[in-house]
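Source file: coords23.txt; contents: compact mmCIF, C-alpha atoms (C1' of nucleotides).
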# COMPACT_ATOMS: atom_id res chain seq x y z
CA MET L 1 89.13 80.25 54.71
CA ARG L 2 91.85 82.63 53.73
CA ASP L 3 94.71 80.21 53.25
CA ASP L 4 94.98 77.43 50.71
CA TRP L 5 95.18 74.44 52.98
CA TYR L 6 92.18 72.82 51.36
CA ILE L 7 93.79 72.93 47.92
CA ASP L 8 96.45 70.46 49.02
CA HIS L 9 94.50 68.45 51.58
CA ASP L 10 91.50 66.27 50.95
CA LEU L 11 88.55 66.84 53.17
CA PRO L 12 86.66 63.66 53.99
CA LEU L 13 83.29 63.18 52.32
CA ILE L 14 81.43 64.55 55.30
CA GLY L 15 83.49 67.72 55.21
CA LEU L 16 82.90 68.28 51.52
CA LEU L 17 79.17 67.74 51.96
CA ALA L 18 79.03 70.13 54.89
CA GLU L 19 81.01 72.85 53.14
CA VAL L 20 79.04 72.75 49.90
CA GLN L 21 75.82 72.69 51.85
CA GLY L 22 76.96 75.69 53.87
CA ALA L 23 77.81 77.63 50.73
CA ILE L 24 74.40 76.91 49.23
CA SER L 25 72.73 77.83 52.49
CA ASP L 26 74.56 81.15 52.64
CA GLU L 27 73.51 81.98 49.11
CA LEU L 28 69.93 80.86 49.63
CA TYR L 29 69.25 82.94 52.74
CA GLY L 30 71.28 85.86 51.48
CA ARG L 31 69.31 86.08 48.26
CA LEU L 32 65.98 85.44 49.95
CA HIS L 33 66.83 88.37 52.18
CA GLU L 34 67.54 90.60 49.18
CA ALA L 35 64.29 89.46 47.59
CA GLY L 36 62.30 90.63 50.60
CA TYR L 37 62.00 87.31 52.38
CA GLY L 38 64.52 88.12 55.09
CA ASP L 39 62.30 86.73 57.81
CA ILE L 40 62.66 83.16 56.57
CA ARG L 41 65.21 81.30 58.67
CA PRO L 42 66.93 77.90 58.29
CA ALA L 43 64.67 76.46 60.97
CA HIS L 44 61.75 76.99 58.60
CA GLY L 45 63.28 74.53 56.17
CA CYS L 46 61.42 71.67 57.83
CA VAL L 47 58.22 73.26 56.48
CA PHE L 48 59.26 74.66 53.08
CA GLY L 49 61.39 71.64 52.33
CA PHE L 50 58.77 69.01 52.98
CA ILE L 51 55.35 70.54 52.42
CA GLU L 52 53.21 69.83 49.38
CA ARG L 53 53.20 73.03 47.29
CA THR L 54 49.44 72.85 46.87
CA GLY L 55 47.26 70.98 49.28
CA GLY L 56 49.53 71.29 52.26
CA ALA L 57 50.41 68.74 54.90
CA ARG L 58 49.76 67.81 58.49
CA LEU L 59 52.16 68.72 61.25
CA THR L 60 52.85 65.08 62.00
CA ALA L 61 53.71 64.40 58.36
CA LEU L 62 56.20 67.28 58.29
CA ALA L 63 57.77 66.02 61.50
CA ASP L 64 58.10 62.50 60.11
CA ARG L 65 59.60 63.65 56.83
CA SER L 66 62.08 66.05 58.33
CA GLY L 67 63.05 63.79 61.20
CA LEU L 68 62.32 66.51 63.75
CA THR L 69 59.87 66.46 66.63
CA LYS L 70 56.33 67.78 66.34
CA GLN L 71 57.28 70.49 68.81
CA ALA L 72 60.18 71.74 66.70
CA VAL L 73 58.09 71.75 63.53
CA GLY L 74 55.13 73.23 65.37
CA GLU L 75 57.28 76.16 66.41
CA ALA L 76 58.43 76.70 62.82
CA VAL L 77 54.83 76.56 61.61
CA ALA L 78 53.70 79.05 64.26
CA ASP L 79 56.48 81.37 63.13
CA LEU L 80 55.58 81.07 59.47
CA GLU L 81 51.89 81.57 60.21
CA ARG L 82 52.65 84.77 62.10
CA LEU L 83 54.83 85.93 59.20
CA GLY L 84 52.10 85.15 56.68
CA TYR L 85 53.77 82.30 54.81
CA VAL L 86 51.43 79.49 55.84
CA GLU L 87 47.93 79.08 57.17
CA ARG L 88 46.40 76.35 59.28
CA VAL L 89 43.00 75.04 58.27
CA PRO L 90 41.00 72.24 59.88
CA ASP L 91 41.32 68.88 58.16
CA PRO L 92 37.85 67.88 56.90
CA GLU L 93 38.85 64.22 57.15
CA ASP L 94 40.03 64.30 60.74
CA GLY L 95 38.64 66.63 63.35
CA ARG L 96 41.84 66.54 65.40
CA ALA L 97 44.12 67.42 62.54
CA LYS L 98 44.90 70.67 60.79
CA ILE L 99 46.24 71.12 57.30
CA ILE L 100 49.21 73.41 57.02
CA ARG L 101 49.15 75.16 53.66
CA LEU L 102 51.37 77.67 51.93
CA SER L 103 49.67 81.05 51.59
CA SER L 104 50.10 82.97 48.37
CA ARG L 105 53.08 84.73 49.92
CA GLY L 106 54.41 81.34 50.95
CA ARG L 107 54.14 80.09 47.38
CA GLU L 108 55.95 83.22 46.16
CA ALA L 109 58.76 82.58 48.60
CA ALA L 110 58.96 78.93 47.60
CA ALA L 111 59.13 79.97 43.96
CA ALA L 112 61.91 82.43 44.76
CA ALA L 113 63.84 79.68 46.53
CA GLU L 114 63.39 77.37 43.57
CA GLU L 115 64.78 80.04 41.26
CA ILE L 116 67.82 80.37 43.48
CA PHE L 117 68.31 76.60 43.45
CA ALA L 118 67.93 76.57 39.67
CA ASP L 119 70.54 79.30 39.42
CA ILE L 120 72.95 77.33 41.58
CA ASP L 121 72.32 74.22 39.48
CA ARG L 122 73.08 76.24 36.37
CA ARG L 123 76.37 77.54 37.75
CA PHE L 124 77.39 74.13 39.07
CA GLY L 125 76.54 72.54 35.74
CA ALA L 126 78.61 75.13 33.89
CA GLU L 127 81.54 74.54 36.24
CA VAL L 128 81.83 70.76 35.95
CA GLY L 129 79.84 70.06 32.79
CA ASP L 130 76.11 69.49 32.55
CA GLU L 131 76.34 65.75 31.99
CA ARG L 132 78.78 65.30 34.85
CA TYR L 133 76.55 67.39 37.08
CA ALA L 134 73.45 65.41 36.16
CA ASP L 135 75.31 62.21 37.06
CA PHE L 136 76.40 63.81 40.31
CA ARG L 137 72.84 64.73 41.26
CA ASP L 138 71.67 61.28 40.37
CA THR L 139 74.34 59.55 42.42
CA LEU L 140 73.72 61.84 45.37
CA ARG L 141 70.04 60.99 45.27
CA ARG L 142 70.82 57.27 45.18
CA LEU L 143 73.16 57.63 48.15
CA PHE L 144 70.45 59.53 50.00
CA LEU L 145 67.93 56.76 49.41
CA PHE L 146 70.60 54.21 50.38
CA THR L 147 71.17 55.87 53.74
CA ARG L 148 67.39 55.82 54.28
CA MET L 149 67.12 52.09 53.62
CA PRO L 150 65.70 50.20 56.55
CA ALA L 151 68.35 48.17 58.34
CA ARG L 152 68.54 44.63 57.04
CA THR L 153 66.16 42.37 58.88
CA PRO L 154 68.22 39.83 60.81
CA ALA L 155 67.97 36.37 59.25
CA ARG L 156 65.31 34.37 60.99
CA VAL L 157 66.60 31.43 62.91
CA ALA L 158 64.54 28.53 61.57
CA MET J 1 60.98 59.82 58.28
CA ARG J 2 58.37 57.10 58.48
CA ASP J 3 56.39 57.82 55.34
CA ASP J 4 57.62 57.65 51.78
CA TRP J 5 57.19 61.23 50.76
CA TYR J 6 60.83 61.52 49.78
CA ILE J 7 60.56 58.62 47.33
CA ASP J 8 58.20 60.60 45.11
CA HIS J 9 59.45 64.11 45.75
CA ASP J 10 62.85 65.46 44.87
CA LEU J 11 64.63 67.16 47.65
CA PRO J 12 66.63 70.15 46.46
CA LEU J 13 70.39 69.75 46.35
CA ILE J 14 70.81 71.34 49.74
CA GLY J 15 68.40 68.86 51.28
CA LEU J 16 70.15 65.85 49.78
CA LEU J 17 73.51 67.14 50.97
CA ALA J 18 72.18 67.74 54.46
CA GLU J 19 70.54 64.34 54.74
CA VAL J 20 73.52 62.34 53.50
CA GLN J 21 75.82 64.35 55.73
CA GLY J 22 73.56 63.65 58.67
CA ALA J 23 73.61 59.93 57.99
CA ILE J 24 77.40 59.90 57.79
CA SER J 25 77.62 61.99 60.93
CA ASP J 26 75.39 59.59 62.84
CA GLU J 27 77.53 56.65 61.81
CA LEU J 28 80.80 58.43 62.51
CA TYR J 29 79.99 59.52 66.05
CA GLY J 30 78.17 56.29 66.82
CA ARG J 31 81.13 54.17 65.85
CA LEU J 32 83.68 56.48 67.47
CA HIS J 33 81.64 56.07 70.62
CA GLU J 34 81.79 52.28 70.37
CA ALA J 35 85.53 52.50 69.74
CA GLY J 36 86.08 54.35 73.01
CA TYR J 37 86.15 57.87 71.64
CA GLY J 38 82.71 58.84 72.89
CA ASP J 39 83.91 62.20 74.13
CA ILE J 40 84.56 63.50 70.62
CA ARG J 41 81.71 65.73 69.47
CA PRO J 42 80.80 67.24 66.09
CA ALA J 43 82.03 70.62 67.27
CA HIS J 44 85.54 69.14 67.42
CA GLY J 45 85.47 68.60 63.68
CA CYS J 46 86.94 72.03 63.12
CA VAL J 47 90.13 70.71 64.72
CA PHE J 48 90.30 67.10 63.51
CA GLY J 49 89.13 68.06 60.05
CA PHE J 50 91.65 70.79 59.42
CA ILE J 51 94.75 70.13 61.50
CA GLU J 52 98.01 68.84 60.07
CA ARG J 53 98.37 65.25 61.30
CA THR J 54 101.98 65.86 62.32
CA GLY J 55 103.27 69.32 63.03
CA GLY J 56 99.99 70.83 64.12
CA ALA J 57 98.53 74.20 63.32
CA ARG J 58 97.79 77.58 64.86
CA LEU J 59 94.37 78.46 66.17
CA THR J 60 93.98 81.20 63.58
CA ALA J 61 94.79 78.78 60.77
CA LEU J 62 92.15 76.32 61.98
CA ALA J 63 89.62 79.15 62.22
CA ASP J 64 90.42 80.33 58.69
CA ARG J 65 90.22 76.85 57.20
CA SER J 66 87.00 75.89 58.93
CA GLY J 67 85.34 79.24 58.43
CA LEU J 68 84.54 79.51 62.12
CA THR J 69 85.60 82.20 64.56
CA LYS J 70 88.75 81.90 66.65
CA GLN J 71 86.52 81.77 69.70
CA ALA J 72 84.57 78.77 68.47
CA VAL J 73 87.70 76.88 67.49
CA GLY J 74 89.42 77.93 70.72
CA GLU J 75 86.64 76.34 72.71
CA ALA J 76 86.93 73.11 70.73
CA VAL J 77 90.69 73.08 71.26
CA ALA J 78 90.31 73.69 74.99
CA ASP J 79 87.90 70.76 75.13
CA LEU J 80 90.20 68.46 73.19
CA GLU J 81 93.17 69.48 75.30
CA ARG J 82 91.28 68.66 78.47
CA LEU J 83 90.27 65.31 76.94
CA GLY J 84 93.84 64.53 75.94
CA TYR J 85 93.48 64.63 72.17
CA VAL J 86 95.62 67.71 71.50
CA GLU J 87 98.32 69.73 73.22
CA ARG J 88 99.20 73.38 72.95
CA VAL J 89 102.87 74.34 72.72
CA PRO J 90 104.31 77.82 72.32
CA ASP J 91 105.27 78.72 68.75
CA PRO J 92 109.06 79.34 68.68
CA GLU J 93 108.58 81.72 65.75
CA ASP J 94 105.96 83.96 67.35
CA GLY J 95 105.59 84.67 71.04
CA ARG J 96 101.87 85.33 70.74
CA ALA J 97 101.07 82.12 68.97
CA LYS J 98 100.67 78.54 70.11
CA ILE J 99 100.93 75.40 68.03
CA ILE J 100 98.03 73.00 68.44
CA ARG J 101 99.19 69.42 67.89
CA LEU J 102 97.47 66.04 67.97
CA SER J 103 98.64 63.92 70.91
CA SER J 104 99.20 60.21 70.39
CA ARG J 105 95.62 59.60 71.50
CA GLY J 106 94.52 62.27 69.06
CA ARG J 107 96.29 60.49 66.22
CA GLU J 108 94.67 57.20 67.24
CA ALA J 109 91.24 58.80 67.12
CA ALA J 110 91.97 60.38 63.75
CA ALA J 111 93.03 56.98 62.43
CA ALA J 112 89.81 55.43 63.76
CA ALA J 113 87.77 58.11 62.02
CA GLU J 114 89.60 57.50 58.77
CA GLU J 115 88.79 53.80 58.97
CA ILE J 116 85.12 54.64 59.42
CA PHE J 117 85.22 56.97 56.43
CA ALA J 118 86.94 54.26 54.37
CA ASP J 119 84.21 51.83 55.35
CA ILE J 120 81.49 54.25 54.29
CA ASP J 121 83.30 54.87 51.00
CA ARG J 122 83.41 51.12 50.44
CA ARG J 123 79.67 50.71 51.03
CA PHE J 124 78.76 53.73 48.92
CA GLY J 125 81.00 52.46 46.13
CA ALA J 126 79.34 49.05 46.27
CA GLU J 127 75.90 50.66 46.11
CA VAL J 128 76.34 52.88 43.07
CA GLY J 129 79.40 51.34 41.44
CA ASP J 130 83.02 52.18 42.20
CA GLU J 131 83.60 54.18 39.06
CA ARG J 132 80.43 56.16 39.50
CA TYR J 133 81.32 56.83 43.10
CA ALA J 134 84.83 57.96 42.22
CA ASP J 135 83.33 60.41 39.71
CA PHE J 136 80.90 61.58 42.36
CA ARG J 137 83.68 62.28 44.87
CA ASP J 138 85.67 64.08 42.23
CA THR J 139 82.75 66.27 41.18
CA LEU J 140 81.88 67.04 44.78
CA ARG J 141 85.44 68.15 45.41
CA ARG J 142 85.37 70.39 42.36
CA LEU J 143 82.11 71.94 43.47
CA PHE J 144 83.60 72.51 46.91
CA LEU J 145 86.59 74.33 45.44
CA PHE J 146 84.23 76.25 43.16
CA THR J 147 82.22 77.54 46.11
CA ARG J 148 85.49 78.61 47.73
CA MET J 149 86.62 80.55 44.68
CA PRO J 150 87.18 84.24 45.34
CA ALA J 151 84.43 86.35 43.85
CA ARG J 152 85.25 87.42 40.33
CA THR J 153 87.19 90.64 40.27
CA PRO J 154 85.02 93.25 38.54
CA ALA J 155 86.39 94.08 35.10
CA ARG J 156 88.60 97.11 35.31
CA VAL J 157 87.28 100.14 33.55
CA ALA J 158 90.15 101.21 31.29
C1' DA N 1 29.13 53.05 74.43
C1' DC N 2 33.89 52.41 75.86
C1' DC N 3 38.58 52.93 75.80
C1' DA N 4 43.12 52.88 73.64
C1' DT N 5 45.36 55.52 70.44
C1' DA N 6 46.52 59.50 67.49
C1' DC N 7 46.61 64.63 66.56
C1' DG N 8 47.95 68.93 67.88
C1' DG N 9 49.33 72.23 71.26
C1' DT N 10 51.37 74.27 75.61
C1' DA N 11 54.97 74.81 78.84
C1' DA N 12 59.40 74.49 81.16
C1' DG N 13 63.94 73.58 80.80
C1' DG N 14 68.24 72.06 78.69
C1' DT N 15 72.19 71.48 75.31
C1' DA N 16 75.32 72.25 71.41
C1' DG N 17 77.40 75.26 68.78
C1' DC N 18 78.09 79.23 67.39
C1' DT N 19 78.19 84.68 67.54
C1' DT N 20 79.77 89.64 68.87
C1' DG N 21 82.51 92.58 71.74
C1' DA N 22 86.34 93.70 74.38
C1' DC N 23 91.00 93.04 75.65
C1' DA N 24 96.20 92.16 76.92
C1' DA N 25 100.40 90.54 75.16
C1' DG N 26 103.41 90.23 71.42
C1' DG N 27 104.96 91.50 66.69
C1' DT N 28 105.77 94.91 62.54
C1' DC N 29 107.06 98.80 60.38
C1' DA N 30 107.28 103.84 59.32
C1' DT H 1 109.26 105.26 69.42
C1' DG H 2 104.69 105.41 68.36
C1' DA H 3 100.82 103.65 65.57
C1' DC H 4 98.90 99.70 64.18
C1' DC H 5 97.99 94.86 63.47
C1' DT H 6 97.79 89.90 65.00
C1' DT H 7 97.17 86.05 68.34
C1' DG H 8 94.65 84.07 71.55
C1' DT H 9 91.36 84.51 75.38
C1' DC H 10 87.37 85.92 78.51
C1' DA H 11 82.55 87.04 78.87
C1' DA H 12 77.91 87.32 77.44
C1' DG H 13 74.32 86.02 74.61
C1' DC H 14 71.84 83.95 70.64
C1' DT H 15 69.71 80.26 67.55
C1' DA H 16 68.12 75.86 66.65
C1' DC H 17 66.63 72.09 68.37
C1' DC H 18 65.82 68.70 71.93
C1' DT H 19 63.51 66.53 76.10
C1' DT H 20 59.86 65.58 79.31
C1' DA H 21 55.41 66.27 80.76
C1' DC H 22 50.60 67.31 80.43
C1' DC H 23 46.35 68.42 78.14
C1' DG H 24 41.89 68.50 75.20
C1' DT H 25 39.84 66.71 71.39
C1' DA H 26 38.78 63.27 67.98
C1' DT H 27 38.96 58.69 65.97
C1' DG H 28 38.23 53.83 65.54
C1' DG H 29 37.98 49.08 67.00
C1' DT H 30 35.29 45.97 69.87

As structure tokens, how would this structure be written, given the file I've shared?
Amino acid sequence: MRDDWYIDHDLPLIGLLAEVQGAISDELYGRLHEAGYGDIRPAHGCVFGFIERTGGARLTALADRSGLTKQAVGEAVADLERLGYVERVPDPEDGRAKIIRLSSRGREAAAAAEEIFADIDRRFGAEVGDERYADFRDTLRRLFLFTRMPARTPARVA
Amino acid sequence: MRDDWYIDHDLPLIGLLAEVQGAISDELYGRLHEAGYGDIRPAHGCVFGFIERTGGARLTALADRSGLTKQAVGEAVADLERLGYVERVPDPEDGRAKIIRLSSRGREAAAAAEEIFADIDRRFGAEVGDERYADFRDTLRRLFLFTRMPARTPARVA
DNA sequence: ACCATACGGTAAGGTAGCTTGACAAGGTCA
DNA sequence: TGACCTTGTCAAGCTACCTTACCGTATGGT
């Protein structure tokens, strides 16, 4: 991105979303690396992004929430267990299931990530105005829920 | 995403951006497929998203604008050329360079994509309110430009 | 007690989309 | 004219994620 094409041309919504997301992603993993969490990769987001901070979650729940397959999430969990960020404990309520829980190091990393997000929110708020930014976040969340709405049930033919 | 975890838990900004982008992406490529442009893939976005509609652009310019490597964009261009969406012509001003231009089929596909985007904009606007949505788009664009801002020059030590 | 179903895991293999490295041909400028 | 940079391309390889298939164990309805 060395030239100024994007100053004069509008990217479509999808392009703007992708670019902003990419910028945040670069900052997140860059700063996690500096903070000593360099072994956390984007693929681990399906765990950190969707797990209960305390109490943990089942593999199947993480797969459902993230929209990925159990295999993909299982691989991420195996990685994070090896790296010491999560631990798997048997679920007392279901002998088949295991609870995936953040270890203390995992909670530290999650806290570090949340600080980075808070820092980004602060800078974004300062750039466009806090009220404007709050509205933006709110609208984005509504659009997210909108895209997750179940398709309209076809009208029943009486 | 079968359970309702995301109703009660806030995804961080990056998660919201990723999810909404994914939803738009699904719709875009699904509908392009139905419209007879099923051979256009997300990887081609670095061309369609950043090329001048008439006049075309150089490979290096597309790489700069999209933030990808020349190799990645070159592969997308080779694909699109084979599929008939773009053509490569020698640049009269520089013997090394080639101008990548949308063919007539390429312009048709771009127009189809723009209709899909307009349709999504219409639905999003209806969901959250047109004014609110216009503000949202505007703020998103400002945040995009903000993330593209050159790093602050360190204050010169007099 | 039986059997369908769900949970988690293993394994093999594949695809999309990018990367790094090396390079020839053409341009730029002292 | 020689040193250097730019443009585009070839080749090799990586990451993230998917698919299909199979398995053992546990649960729950009948």

Counting all atoms listed in the file, which residues of chain J fall within 10 Å of chain H, and what is the closest atom pair for each with its distance in Å at one decimal, ordered by chain and rising number, as a tab-separated table?
residue	atom	partner	partner_atom	distance
J:Arg58	CA	H:DT7	C1'	9.2
J:Leu59	CA	H:DG8	C1'	7.8
J:Thr60	CA	H:DT7	C1'	7.5
J:Lys70	CA	H:DG8	C1'	8.0
J:Gln71	CA	H:DT9	C1'	7.9
J:Gly74	CA	H:DG8	C1'	8.1
J:Glu75	CA	H:DT9	C1'	9.8
J:Asp94	CA	H:DT7	C1'	9.1
J:Gly95	CA	H:DT7	C1'	8.9
J:Arg96	CA	H:DT7	C1'	5.3
J:Ala97	CA	H:DT7	C1'	5.6
J:Lys98	CA	H:DG8	C1'	8.3

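Distances from J:Ala35, J:Ala63, J:Ile99, J:Leu143 to Leu17 of chain L were compared using only C-alpha atoms, and the smallest one belongs to J:Leu143.
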
Q) What residues in chain N lie within 9 Å of chain L, counting all atoms listed in the file, written as a list in words? A) DA6, DC7, DG8 and DG9 of chain N

Q: Please determine the contact residues of chain J with respect to chain L at a cut-off of 6 Å, counting all atoms listed in the file, and supply them as a ChimeraX atom specification.
A: /J:1-2,14,17,20-21,64-65,67,136,144

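When all atoms listed in the file are used to measure the gap to Tyr37 of chain J, the shortest distance among J:Glu81, J:Asp91, J:Glu108, J:Asp8 belongs to J:Glu108.
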
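You will find atom CA of Ala76 of chain L at 12.5 Å from atom CA of Arg88 of chain L.
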
Q. Which distance in Å separates atom CA of His33 of chain L and atom C1' of DT19 of chain N, to one decimal?
A. 19.5 Å

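Using all atoms listed in the file, the residues found no farther than 10 Å from Ile116 of chain J, other than those of its own chain fewer than 6 positions away, are Ile24, Glu27, Leu28, Tyr29, Arg31, Leu32, Ala110 and Arg122 of chain J.
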
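Interatomic distance, atom CA of Ala72 of chain L against atom CA of Glu34 of chain L: 26.8 Å.
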